[in-house]
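Asks: Dropping in coords_6.tsv, which is TSV, C-alpha atoms:
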```tsv
chain	number	residue	atom	x	y	z
V	1	MET	CA	-36.65	32.86	3.94
V	2	SER	CA	-36.17	29.63	2.03
V	3	SER	CA	-33.93	31.31	-0.56
V	4	ASN	CA	-31.77	32.81	2.22
V	5	ASN	CA	-31.48	29.41	3.86
V	6	ASN	CA	-30.49	27.78	0.58
V	7	THR	CA	-27.89	30.47	-0.02
V	8	SER	CA	-26.41	30.06	3.45
V	9	ILE	CA	-26.31	26.28	3.07
V	10	THR	CA	-24.61	26.61	-0.33
V	11	LEU	CA	-21.99	28.96	1.11
V	12	ALA	CA	-21.41	26.61	4.04
V	13	ILE	CA	-20.94	23.68	1.67
V	14	LEU	CA	-18.45	25.65	-0.47
V	15	GLN	CA	-16.49	26.68	2.61
V	16	LEU	CA	-16.46	23.10	3.85
V	17	GLN	CA	-15.23	21.74	0.54
V	18	SER	CA	-12.52	24.39	0.36
V	19	ALA	CA	-11.44	23.63	3.94
V	20	PHE	CA	-10.98	19.94	3.13
V	21	ARG	CA	-9.53	20.39	-0.38
V	22	TYR	CA	-6.24	21.99	0.64
V	23	PRO	CA	-5.33	19.58	3.48
V	24	SER	CA	-6.16	16.71	1.14
V	25	LEU	CA	-3.99	18.21	-1.61
V	26	ILE	CA	-1.04	18.80	0.74
V	27	THR	CA	-1.34	15.31	2.21
V	28	GLY	CA	-1.43	13.83	-1.29
V	29	PHE	CA	1.73	15.63	-2.41
V	30	ILE	CA	3.59	14.64	0.78
V	31	LEU	CA	2.63	10.98	0.39
V	32	LEU	CA	3.44	11.00	-3.33
V	33	ILE	CA	6.88	12.57	-3.06
V	34	GLY	CA	7.88	10.77	0.13
V	35	GLY	CA	6.42	7.47	-1.01
V	36	VAL	CA	8.02	7.40	-4.46
V	37	LEU	CA	11.41	8.37	-3.03
V	38	GLY	CA	11.11	5.81	-0.23
V	39	ASN	CA	10.11	2.96	-2.54
V	40	ILE	CA	12.97	3.74	-4.92
V	41	LEU	CA	15.38	3.58	-1.99
V	42	ASN	CA	13.77	0.29	-0.96
V	43	ILE	CA	14.48	-1.15	-4.39
V	44	ILE	CA	18.10	0.02	-4.24
V	45	VAL	CA	18.67	-1.54	-0.82
V	46	PHE	CA	17.00	-4.86	-1.64
V	47	ILE	CA	18.90	-5.22	-4.92
V	48	LYS	CA	22.26	-4.30	-3.41
V	49	VAL	CA	21.89	-6.47	-0.30
V	50	GLY	CA	20.19	-9.35	-2.12
V	51	ASN	CA	18.39	-10.86	0.88
V	52	TYR	CA	15.24	-11.31	-1.19
V	53	LYS	CA	16.98	-14.14	-3.06
V	54	ASN	CA	17.22	-16.34	0.04
V	55	ASN	CA	14.61	-15.02	2.50
V	56	ALA	CA	10.86	-15.37	1.94
V	57	CYS	CA	9.85	-12.31	3.97
V	58	SER	CA	12.42	-10.16	2.16
V	59	LEU	CA	11.05	-11.37	-1.18
V	60	TYR	CA	7.52	-10.32	-0.19
V	61	MET	CA	8.82	-6.89	0.83
V	62	PHE	CA	10.82	-6.49	-2.38
V	63	VAL	CA	7.92	-7.37	-4.72
V	64	ARG	CA	5.53	-5.25	-2.66
V	65	THR	CA	7.71	-2.24	-3.31
V	66	PHE	CA	6.89	-2.37	-7.04
V	67	PHE	CA	3.17	-2.73	-6.33
V	68	ASP	CA	3.29	0.25	-3.96
V	69	LEU	CA	5.24	2.32	-6.45
V	70	TYR	CA	2.64	1.73	-9.17
V	71	VAL	CA	-0.28	2.61	-6.87
V	72	LEU	CA	1.42	5.87	-5.86
V	73	ILE	CA	2.46	6.96	-9.35
V	74	VAL	CA	-0.80	6.03	-11.08
V	75	GLY	CA	-3.45	5.94	-8.36
V	76	LEU	CA	-2.40	8.78	-6.08
V	77	THR	CA	-1.24	11.09	-8.87
V	78	THR	CA	-4.58	10.91	-10.68
V	79	ARG	CA	-6.42	11.32	-7.38
V	80	ILE	CA	-4.49	14.54	-6.69
V	81	PHE	CA	-5.52	15.87	-10.09
V	82	THR	CA	-9.14	14.89	-9.45
V	83	THR	CA	-9.56	16.25	-5.91
V	84	GLY	CA	-7.17	19.18	-6.07
V	85	PHE	CA	-7.54	20.45	-9.62
V	86	GLN	CA	-10.91	18.96	-10.70
V	87	MET	CA	-9.26	17.09	-13.58
V	88	ASP	CA	-10.79	13.61	-13.71
V	89	PHE	CA	-9.15	11.82	-16.63
V	90	THR	CA	-11.57	8.90	-16.33
V	91	LEU	CA	-14.28	11.28	-17.59
V	92	MET	CA	-12.15	12.38	-20.54
V	93	ASN	CA	-10.89	9.09	-21.95
V	94	ARG	CA	-12.87	5.85	-22.24
V	95	ASN	CA	-9.81	3.59	-22.26
V	96	TRP	CA	-8.49	5.22	-19.12
V	97	CYS	CA	-11.90	4.81	-17.48
V	98	LYS	CA	-11.89	1.07	-18.24
V	99	THR	CA	-8.29	0.38	-17.19
V	100	ARG	CA	-7.27	2.82	-14.43
V	101	GLY	CA	-9.17	1.22	-11.57
V	102	GLY	CA	-8.52	-2.36	-12.70
V	103	PHE	CA	-4.73	-2.09	-12.86
V	104	ASN	CA	-4.69	-0.04	-9.66
V	105	ASP	CA	-6.71	-2.71	-7.87
V	106	ILE	CA	-4.44	-5.50	-9.12
V	107	ASN	CA	-1.48	-3.77	-7.49
V	108	SER	CA	-3.31	-2.80	-4.28
V	109	GLU	CA	-4.75	-6.30	-3.86
V	110	GLY	CA	-1.31	-7.73	-4.54
V	111	THR	CA	0.12	-5.45	-1.88
V	112	TYR	CA	-2.40	-6.60	0.72
V	113	THR	CA	-1.86	-10.25	-0.16
V	114	LEU	CA	1.89	-9.89	0.27
V	115	ILE	CA	1.42	-8.04	3.56
V	116	CYS	CA	-0.65	-10.97	4.82
V	117	LEU	CA	1.97	-13.45	3.57
V	118	GLN	CA	4.63	-11.30	5.20
V	119	ALA	CA	2.78	-11.44	8.54
V	120	ILE	CA	2.31	-15.21	8.25
V	121	ASP	CA	5.98	-15.73	7.38
V	122	ALA	CA	7.06	-13.62	10.36
V	123	PHE	CA	4.89	-15.82	12.58
V	124	ILE	CA	6.42	-18.99	11.11
V	125	CYS	CA	10.00	-17.70	11.44
V	126	SER	CA	9.46	-16.75	15.10
V	127	SER	CA	8.01	-20.13	16.08
V	128	PRO	CA	9.70	-22.00	18.98
V	129	SER	CA	9.59	-25.14	16.83
V	130	VAL	CA	12.49	-25.66	14.47
V	131	GLY	CA	10.26	-27.75	12.22
V	132	VAL	CA	7.77	-24.90	11.85
V	133	ARG	CA	10.53	-22.40	11.11
V	134	GLU	CA	11.75	-24.63	8.30
V	135	LYS	CA	8.36	-24.16	6.60
V	136	SER	CA	9.50	-20.69	5.57
V	137	SER	CA	10.87	-21.48	2.12
V	138	ILE	CA	12.06	-19.09	-0.58
V	139	ARG	CA	10.93	-21.62	-3.20
V	140	ILE	CA	7.35	-21.62	-1.88
V	141	ALA	CA	7.48	-17.83	-1.58
V	142	ARG	CA	8.30	-17.47	-5.27
V	143	TYR	CA	5.33	-19.63	-6.24
V	144	LEU	CA	3.07	-17.62	-3.95
V	145	VAL	CA	4.22	-14.32	-5.48
V	146	ILE	CA	3.59	-15.56	-9.03
V	147	GLY	CA	0.26	-17.06	-7.98
V	148	THR	CA	-0.78	-13.81	-6.30
V	149	LEU	CA	-0.15	-11.76	-9.43
V	150	CYS	CA	-1.94	-14.26	-11.70
V	151	PHE	CA	-4.94	-14.60	-9.38
V	152	TRP	CA	-5.59	-10.86	-9.06
V	153	CYS	CA	-5.14	-10.32	-12.80
V	154	ILE	CA	-7.86	-12.90	-13.45
V	155	HIS	CA	-10.00	-11.46	-10.65
V	156	GLU	CA	-10.06	-8.02	-12.30
V	157	ILE	CA	-11.08	-9.20	-15.77
V	158	PRO	CA	-14.80	-8.41	-15.14
V	159	TYR	CA	-13.81	-4.85	-14.24
V	160	PHE	CA	-12.30	-4.27	-17.68
V	161	ILE	CA	-15.52	-5.63	-19.20
V	162	PHE	CA	-18.19	-3.85	-17.14
V	163	GLN	CA	-16.49	-0.53	-16.37
V	164	ASP	CA	-17.34	2.07	-18.97
V	165	LEU	CA	-17.70	5.79	-19.65
V	166	VAL	CA	-21.40	6.60	-20.10
V	167	ILE	CA	-23.51	9.74	-20.34
V	168	VAL	CA	-26.13	10.05	-17.57
V	169	GLY	CA	-28.42	13.08	-17.81
V	170	GLY	CA	-25.94	14.85	-20.05
V	171	THR	CA	-23.07	14.27	-17.60
V	172	PRO	CA	-20.20	11.83	-18.37
V	173	MET	CA	-19.73	9.21	-15.65
V	174	CYS	CA	-17.20	6.40	-15.30
V	175	ILE	CA	-19.29	3.66	-13.68
V	176	THR	CA	-19.77	-0.09	-13.50
V	177	THR	CA	-22.57	-0.93	-15.93
V	178	ASN	CA	-23.45	-4.27	-14.32
V	179	THR	CA	-25.39	-3.80	-11.05
V	180	ILE	CA	-24.51	-7.23	-9.63
V	181	TYR	CA	-20.80	-6.69	-10.23
V	182	ALA	CA	-21.08	-3.15	-8.85
V	183	ARG	CA	-22.39	-4.58	-5.57
V	184	TYR	CA	-19.62	-7.17	-5.60
V	185	ARG	CA	-17.06	-4.39	-5.95
V	186	ILE	CA	-18.48	-2.56	-2.95
V	187	TYR	CA	-19.22	-5.36	-0.51
V	188	VAL	CA	-16.77	-8.13	-1.44
V	189	SER	CA	-13.80	-6.44	-3.09
V	190	GLY	CA	-13.78	-3.02	-1.43
V	191	LEU	CA	-15.02	-3.91	2.05
V	192	GLY	CA	-13.97	-7.55	2.35
V	193	ILE	CA	-10.83	-8.20	0.32
V	194	ILE	CA	-9.04	-4.84	0.56
V	195	THR	CA	-10.22	-3.68	3.99
V	196	ILE	CA	-11.49	-6.13	6.60
V	197	THR	CA	-9.67	-9.35	5.65
V	198	PRO	CA	-6.10	-7.88	5.66
V	199	ILE	CA	-6.72	-6.10	8.96
V	200	ILE	CA	-7.95	-9.30	10.62
V	201	VAL	CA	-5.18	-11.51	9.20
V	202	ILE	CA	-2.25	-9.22	9.98
V	203	SER	CA	-3.62	-8.37	13.44
V	204	ILE	CA	-3.89	-12.05	14.42
V	205	PHE	CA	-0.47	-13.05	13.11
V	206	ALA	CA	1.22	-9.91	14.42
V	207	TYR	CA	-0.12	-10.68	17.90
V	208	LEU	CA	1.08	-14.30	17.69
V	209	THR	CA	4.50	-13.19	16.41
V	210	VAL	CA	4.94	-10.75	19.28
V	211	ARG	CA	4.10	-13.55	21.71
V	212	HIS	CA	6.79	-15.70	20.13
V	213	MET	CA	9.36	-12.90	20.21
V	214	LYS	CA	8.83	-12.41	23.95
V	215	THR	CA	10.31	-15.86	24.49
V	216	ILE	CA	14.02	-15.34	25.13
V	217	SER	CA	14.97	-18.83	23.96
V	218	VAL	CA	13.30	-18.25	20.60
V	219	THR	CA	14.93	-14.86	20.06
V	220	ARG	CA	18.40	-16.27	20.74
V	221	THR	CA	18.01	-19.03	18.15
V	222	LEU	CA	17.01	-16.65	15.34
V	223	SER	CA	19.58	-15.27	12.92
V	224	SER	CA	20.15	-11.52	12.69
V	225	LEU	CA	18.51	-11.47	9.23
V	226	THR	CA	15.42	-13.24	10.54
V	227	ARG	CA	15.12	-10.86	13.50
V	228	GLN	CA	15.51	-7.92	11.13
V	229	THR	CA	12.82	-9.07	8.70
V	230	ILE	CA	10.42	-9.88	11.56
V	231	SER	CA	10.84	-6.43	13.10
V	232	MET	CA	10.46	-4.74	9.70
V	233	ALA	CA	7.31	-6.75	9.04
V	234	LEU	CA	5.81	-5.80	12.40
V	235	PHE	CA	6.53	-2.09	11.86
V	236	GLN	CA	4.84	-2.24	8.45
V	237	ILE	CA	1.82	-4.03	9.91
V	238	VAL	CA	1.32	-1.18	12.38
V	239	ALA	CA	1.45	1.33	9.51
V	240	VAL	CA	-1.17	-0.60	7.55
V	241	LEU	CA	-3.51	-0.57	10.54
V	242	VAL	CA	-2.99	3.17	11.06
V	243	PHE	CA	-3.67	4.11	7.44
V	244	ASN	CA	-6.30	1.49	6.60
V	245	GLY	CA	-8.31	1.78	9.81
V	246	PRO	CA	-10.05	5.09	8.93
V	247	ASN	CA	-10.79	3.79	5.44
V	248	ALA	CA	-12.39	0.67	6.89
V	249	ALA	CA	-14.54	2.76	9.23
V	250	SER	CA	-15.56	5.02	6.34
V	251	LEU	CA	-16.59	2.10	4.11
V	252	ILE	CA	-18.56	0.44	6.89
V	253	TYR	CA	-20.35	3.73	7.62
V	254	GLN	CA	-21.24	4.16	3.94
V	255	VAL	CA	-22.68	0.65	3.77
V	256	ILE	CA	-24.72	1.11	6.95
V	257	THR	CA	-26.15	4.49	5.91
V	258	THR	CA	-26.84	3.61	2.27
V	259	ASN	CA	-30.63	3.81	2.67
V	260	VAL	CA	-30.62	6.75	5.10
V	261	THR	CA	-32.14	10.01	3.85
V	262	LYS	CA	-29.55	12.80	4.02
V	263	ASP	CA	-29.77	16.52	3.37
V	264	SER	CA	-27.35	18.35	1.09
V	265	TYR	CA	-25.13	19.62	3.89
V	266	ARG	CA	-24.71	16.20	5.47
V	267	ARG	CA	-23.86	14.71	2.09
V	268	ALA	CA	-21.28	17.45	1.55
V	269	VAL	CA	-19.73	16.78	4.97
V	270	GLU	CA	-19.53	13.05	4.35
V	271	GLN	CA	-18.12	13.49	0.84
V	272	SER	CA	-15.43	15.87	2.09
V	273	ILE	CA	-14.39	13.56	4.91
V	274	THR	CA	-14.48	10.52	2.64
V	275	SER	CA	-12.35	12.32	0.05
V	276	PHE	CA	-9.70	13.19	2.62
V	277	ILE	CA	-9.69	9.64	4.03
V	278	ALA	CA	-9.31	8.25	0.51
V	279	THR	CA	-6.14	10.34	0.07
V	280	TYR	CA	-4.84	9.51	3.56
V	281	TYR	CA	-5.40	5.83	2.74
V	282	TYR	CA	-2.47	5.95	0.28
V	283	GLY	CA	-0.13	6.37	3.24
V	284	GLN	CA	0.21	2.61	3.57
V	285	TYR	CA	1.78	2.48	0.10
V	286	ALA	CA	4.19	5.29	0.99
V	287	SER	CA	5.24	4.26	4.49
V	288	SER	CA	7.16	0.99	4.05
V	289	PHE	CA	10.59	2.60	3.67
V	290	TYR	CA	10.16	4.74	6.77
V	291	CYS	CA	8.96	1.73	8.76
V	292	TYR	CA	11.97	-0.28	7.64
V	293	CYS	CA	14.26	2.58	8.69
V	294	LEU	CA	13.27	1.89	12.29
V	295	SER	CA	15.58	-1.12	11.98
V	296	LYS	CA	19.19	-0.15	12.68
V	297	ARG	CA	20.53	-2.85	10.37
V	298	PHE	CA	18.37	-1.59	7.50
V	299	ARG	CA	19.64	1.96	8.05
V	300	ASN	CA	23.22	0.72	7.82
V	301	GLN	CA	22.39	-1.21	4.66
V	302	LEU	CA	20.74	1.89	3.23
V	303	VAL	CA	23.81	4.05	3.80
V	304	VAL	CA	26.14	1.51	2.22
V	305	SER	CA	23.82	0.90	-0.75
V	306	VAL	CA	23.31	4.59	-1.49
V	307	LYS	CA	27.06	5.23	-1.30
V	308	GLU	CA	27.65	2.42	-3.75
V	309	VAL	CA	25.12	3.87	-6.16
V	310	VAL	CA	26.58	7.37	-6.10
V	311	GLY	CA	30.09	5.97	-6.47
V	312	ASN	CA	31.58	7.12	-3.15
V	313	VAL	CA	32.19	3.64	-1.78
V	314	HIS	CA	32.87	0.42	-3.71
V	315	ALA	CA	31.78	-2.58	-1.68
V	316	ASN	CA	34.11	-5.53	-1.34
V	317	GLN	CA	37.12	-3.59	-2.66
V	318	VAL	CA	39.62	-3.22	0.15
V	319	PHE	CA	43.16	-2.02	-0.46
V	320	PRO	CA	45.52	-2.71	2.48
V	321	ASN	CA	48.45	-0.35	3.02
V	322	ASN	CA	51.02	-3.05	2.31
V	323	GLN	CA	49.36	-3.77	-1.06
V	324	GLN	CA	49.42	-0.11	-2.04
V	325	SER	CA	53.08	0.30	-1.13
V	326	GLY	CA	54.20	-3.09	-2.43
V	327	THR	CA	55.69	-1.88	-5.71
V	328	ARG	CA	57.50	0.95	-3.99
V	329	THR	CA	59.14	-1.48	-1.55
```
For this file, write the structure as structure tokens.
Replies:
Amino acid sequence: MSSNNNTSITLAILQLQSAFRYPSLITGFILLIGGVLGNILNIIVFIKVGNYKNNACSLYMFVRTFFDLYVLIVGLTTRIFTTGFQMDFTLMNRNWCKTRGGFNDINSEGTYTLICLQAIDAFICSSPSVGVREKSSIRIARYLVIGTLCFWCIHEIPYFIFQDLVIVGGTPMCITTNTIYARYRIYVSGLGIITITPIIVISIFAYLTVRHMKTISVTRTLSSLTRQTISMALFQIVAVLVFNGPNAASLIYQVITTNVTKDSYRRAVEQSITSFIATYYYGQYASSFYCYCLSKRFRNQLVVSVKEVVGNVHANQVFPNNQQSGTRT
């Protein structure tokens, strides 16, 4: 009887893993292709329009695009190979084991920092007070962007030191060799910095920004560029909450049930769900372009920028009829 039960449980686990593997693989490919294409279009629009040179919120969005692009190309691509094709390169190469997660975290932490700065800047720009709105400075924004990159690079130095490829029971494993730092990665970095803190910060400032925008007098005093960047920031904040919410719930559940005794089937269920959520989580790095497209002005800028790139329209080159026929006259 026990052997039959073990066999049935094993079959159920295999069926469960297969059922989750294909949706996770399809979701990963959709996010990868759509996200890379969207971020490339973001870069084209921001460079052609040039608002990031004079607007703090636009600068945060522009720099974030490069962070998102790296996370998708490196982080999501390797995750697709690992979950869909059972090809974990961190178990094959020691250097990749020591660097993959660190560089990926630098970019993801940079993304979350800029999202928070973006939410704060939207709140400042929508303030009824002219003096508060003047606090939004492109000069300060540049310092904050540089400071963000430097801070997270320094923050990840211990990862490059303690992460290593080791053999445990004859099986290669890419793990953190320092137990104290491993706990820090779980509770402080994973749960606090990347998950809970951004959700709290952007939720508070998004709520305050919406309150400001409901004031007609404030909306009328804002420039069209400011209104555009505020709306784009709010759309992106909603996307972050949608994609990061399940990941936050999953991490909190894992922390709460760390010491709970679980049978093999329950562990398989949790691992399958966690694996799918981990892939779905990359949606926040792939969604910015599609959130920005909800802005009519951004869509118009996109059309003009793409036409310039492909050579169909040359901006700022207008040829009146009288100029074209001048020599003939």
Asks: What is the CA of Phe123 in chain V to CA of Phe205 in chain V distance in Å?
Replies: 6.1 Å
Asks: If I take CA of Arg21 in chain V and CA of Gly84 in chain V, how far is one from the other in Å, to one decimal?
Replies: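 Going from CA of Arg21 in chain V over to CA of Gly84 in chain V covers 6.3 Å.
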Asks: Provide the CA of Glu134 in chain V to CA of Leu208 in chain V distance in Å, to one decimal place.
Replies: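 For CA of Glu134 in chain V relative to CA of Leu208 in chain V, the distance reads 17.6 Å.
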Asks: Considering all atoms listed in the file, can you say which of V:Asn93, V:Thr229, V:Thr111, V:Asn51 comes closest to Phe66 in chain V?
Replies: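 Smallest distance to Phe66 in chain V is found for V:Thr111.
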Asks: I need the residue nearest Tyr143 in chain V from this list: V:Phe243, V:Tyr181, V:Phe67, V:Tyr60. Use all atoms listed in the file for the distance.
Replies: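 When distances to Tyr143 in chain V are compared using all atoms listed in the file, the smallest one comes from V:Tyr60.
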Asks: Around range 167-182 of chain V, fit a box with edges along x, y and z, padding it by 8 Å on each side, then list its centre and edge lengths in Å to one decimal as lines of an AutoDock Vina configuration file.
Replies:
```
center_x = -22.8
center_y = 3.8
center_z = -14.6
size_x = 27.2
size_y = 38.1
size_z = 27.5
```
Asks: Residues of range 94-123 of chain V that approach range 136-140 of chain V to 10 Å or less, counting only C-alpha atoms: could you list each one with the shortest pair of atoms and its distance in Å to one decimal, rows by chain and increasing residue number, as JSON lines?
Replies:
```
{"residue": "V:Ile120", "atom": "CA", "partner": "V:Ser136", "partner_atom": "CA", "distance": 9.4}
{"residue": "V:Asp121", "atom": "CA", "partner": "V:Ser136", "partner_atom": "CA", "distance": 6.3}
{"residue": "V:Ala122", "atom": "CA", "partner": "V:Ser136", "partner_atom": "CA", "distance": 8.9}
{"residue": "V:Phe123", "atom": "CA", "partner": "V:Ser136", "partner_atom": "CA", "distance": 9.7}
```
Asks: Residues at most 12 Å from Pro246 in chain V, counting all atoms listed in the file, excluding those fewer than 6 positions away in the same chain, as a list in words?
Replies: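 Returned residues: Thr195, Ile196, Ile199, Val240, Ile252, Tyr253, Ile273, Thr274, Ser275, Phe276, Ile277, Ala278, Thr279, Tyr280, Tyr281, Tyr282, Gly283 and Gln284 of chain V.
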Asks: If you count only C-alpha atoms, which residues fall within 8 Å of Gly75 in chain V, apart from same-chain ones fewer than 5 positions away, as a CSV table (one decimal) with C-alpha atoms, keeping the file's coordinate frame?
Replies:
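Wrote around_4.csv, looks like this:
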```csv
chain,number,residue,atom,x,y,z
V,70,TYR,CA,2.6,1.7,-9.2
V,100,ARG,CA,-7.3,2.8,-14.4
V,104,ASN,CA,-4.7,0.0,-9.7
```
Asks: Measuring atom to atom with all atoms listed in the file, identify which of V:Thr82, V:Thr65, V:Thr7, V:Ser127 is nearest to Gly35 in chain V.
Replies: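 Of all the options, V:Thr65 lies closest to Gly35 in chain V.
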